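Peer 1: One structure follows; several queries about it will come next.
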Amino acid sequence: MPTIGIADTTFARYNMGAAAIDELKNSISAKLIRVTVPGIKDLPVASKKLLEEQNCDIVIALGMPGKQPQDKICAHEASQGIMMAQLMTNKHIIEVFVHEDEGKDDQELKFLMEQRSREHAQNVVKMLTRPEKMIQEAGTGQREGFADANPL
Amino acid sequence: MPTIGIADTTFARYNMGAAAIDELKNSISAKLIRVTVPGIKDLPVASKKLLEEQNCDIVIALGMPGKQPQDKICAHEASQGIMMAQLMTNKHIIEVFVHEDEGKDDQELKFLMEQRSREHAQNVVKMLTRPEKMIQEAGTGQREGFADANPL
Amino acid sequence: MPTIGIADTTFARYNMGAAAIDELKNSISAKLIRVTVPGIKDLPVASKKLLEEQNCDIVIALGMPGKQPQDKICAHEASQGIMMAQLMTNKHIIEVFVHEDEGKDDQELKFLMEQRSREHAQNVVKMLTRPEKMIQEAGTGQREGFADANPL
Amino acid sequence: MPTIGIADTTFARYNMGAAAIDELKNSISAKLIRVTVPGIKDLPVASKKLLEEQNCDIVIALGMPGKQPQDKICAHEASQGIMMAQLMTNKHIIEVFVHEDEGKDDQELKFLMEQRSREHAQNVVKMLTRPEKMIQEAGTGQREGFADANPL
Amino acid sequence: MPTIGIADTTFARYNMGAAAIDELKNSISAKLIRVTVPGIKDLPVASKKLLEEQNCDIVIALGMPGKQPQDKICAHEASQGIMMAQLMTNKHIIEVFVHEDEGKDDQELKFLMEQRSREHAQNVVKMLTRPEKMIQEAGTGQREGFADANPL
């Protein structure tokens, strides 16, 4: 049985971790370990600790970068950290970021945060249990949250 | 008893380290070790030394990036360094940066530097002593310094 | 017989991995191992795992960054990760990115994704089997996908 | 007796290394080891070699980024390298950069390069010999080269 | 006798590696090892392999970033990789980049690519054989390719 880590933040305006956990519970028999940190820049080391100290096989890291220019820089730094944490552990961390300005209003933002969390949780499940399914979907314009793009 | 490192700078225009230490002393029984460096770009290695050479369990790194464009780049470099220091040690460094242009005047800037230092010191306490409390606050729009955001 | 890794994404709108594999099969006797991940930011660790856990001699990592500003940042982060993965393994990862806005329409984009994947697959073959051929082409303005540039 | 490394460049238009060395000689009894490299992007590994191969306790790295946009990117890359070199060695490298466009004319630029080199040499001395003095100056708006800022 | 690595690209529009090698052969008795890769982002790991697997004492890495905005980002990523490769090996990699838009026309671009390659080859020679000569030139405004700047 795989162990899946879920890392999210108190900064986000929606409980992305709960959405991901609900989706995972409905889709896979796995041990789930959750940790919540203040902001997205705390996610990389939290994820790495889940991978190395809690023996997680994979982590899903969820956050909502704010809409200010400085928030965009923070998101970049957090993403760089998540990238490096994966390279240091040879394990995947699926980053689920929904920028606060991606939704045209609060309702769409909430929908996106819920939907993208769930669809990436499905990616985690596929990567763990059916990697050949990923190959079948190669180049098909999959999107998480919004509608898929059309393949060329 | 945990050991908490506090790193701050002589560049900042307010004694953020003192504010964090005062808050920590009122909230937790811990050994506190403080170091002060010239600027924010000296904080990452100072924090890493606190974690590795002084056996701190966590570090709070406080600084005030200046308002010039070059200062913003320095802040980005410092944040990248703090990110990497965490990944190299598997320990959290809570970054508390207040940009000099975040306050509309000196009075608000001073308030922010004091308040954000204290609120992040509370995050440190929670992460050390009650991590389950962090999970309860997941997705609730917590902010440090300014008012919290409304959850969706 | 060398082992070549192929990593691509479900996000891309064209099956770049299939194009690269077809080209490789026609050009070299090698063991090919393919993995598909959700997006370009998942490529670095996927490539590193191919190099280290699957003993690949080289990896070709293919992706299509989207056209939004945020997508450009993601591409930058993915490229930084691919760079670091190479430095950590002392092996080459040939990055094949076709930005969604590189083609003036869907037809040109499709052509580019097919052509660049194939030409970089040829680079992989040359690097593995005839590195002296690369030296002969030094400074000759080689391009992958579009027409070559003229040497000075 | 501490060992202090001094790294500077042939690109700079003023002998910053000489200024730092003069200041150090007047302020501390230490072994000084100097190396000069072509440009600022050669400073990080030069500094790391001073720390690891010459057993320096600290390094002061001095350079003058040019005024073109590309020079600013080089300065960013150099700073990232200096950051990483510190994290890999757990030792401080005090970065002294004076951007060529910081001075309103050649005279002010020269003054800045001399003054900032000397003031950061004093920081090196303080960090080595009186770290508690740094704590006393925490949050007091210290600046190197230009006038100090007023504390809030 | 030192071993010098030369890494260049097929993307460049001028044979920079040949220019560097010609200059080195006229200036120093050394073993020269050359490798050519597709583009500048392949230079960092190629250089690191020269340093670690071919026992080079130093590497000169030559490339011509293109003139498109995306090319500038690639150059930045390549430079970050070259920086990291140096820090991981404690050896210098002299980066010789000539941006395609640095020359006002093809003739000046060709001149720059030839001249900068040769002048940096001379830097390599000086760093290997007469490091004290570098110290004598500290702060004298040395430039490679274009005319030197005037010291202050």
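Identifiers in this document derive from the order of the structure tokens: chains are assigned A, B, ..., residues are numbered from 1 separately in each chain, and ligands are numbered from 1 in order of occurrence.
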From a DSSP pass on the backbone, collect the residues of region 87-139 of chain A flagged as helix (DSSP H, G or I) and hand them back as a PyMOL selection string.
Peer 2: chain A and resi 87-89+106-129+131-136
Peer 1: Should the cut-off be 10 Å, what would the residue list for chain B against chain D look like, counting only C-alpha atoms, as a ChimeraX atom specification?
Peer 2: /B:7-18,34-39,41-50,52-53,62-64,70,73-74,76-78,80-82,84-85,88,106-107,109-111,113
Peer 1: Please report, as a ChimeraX atom specification, each residue of chain C to which DSSP assigns strand (DSSP E or B) when run on this structure's backbone.
Peer 2: /C:3-9,31-37,58-63,93-97
Peer 1: When you count only C-alpha atoms, which of these residues is closest to Gly103 (chain D): D:Pro69, D:Phe146, D:Val125, D:Ser117?
Peer 2: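 The answer is D:Phe146, which sits nearest to Gly103 (chain D).
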Peer 1: Would you compute the distance between CA of Ala147 (chain D) and CA of Ala19 (chain D)? Give it in Å to one decimal.
Peer 2: 18.9 Å
Peer 1: If I take CA of Ile40 (chain D) and CA of Lys104 (chain D), how far is one from the other in Å, to one decimal?
Peer 2: 21.9 Å
Peer 1: One number please: CA of Thr3 (chain A) to CA of Phe97 (chain A), in Å, one decimal.
Peer 2: 21.7 Å
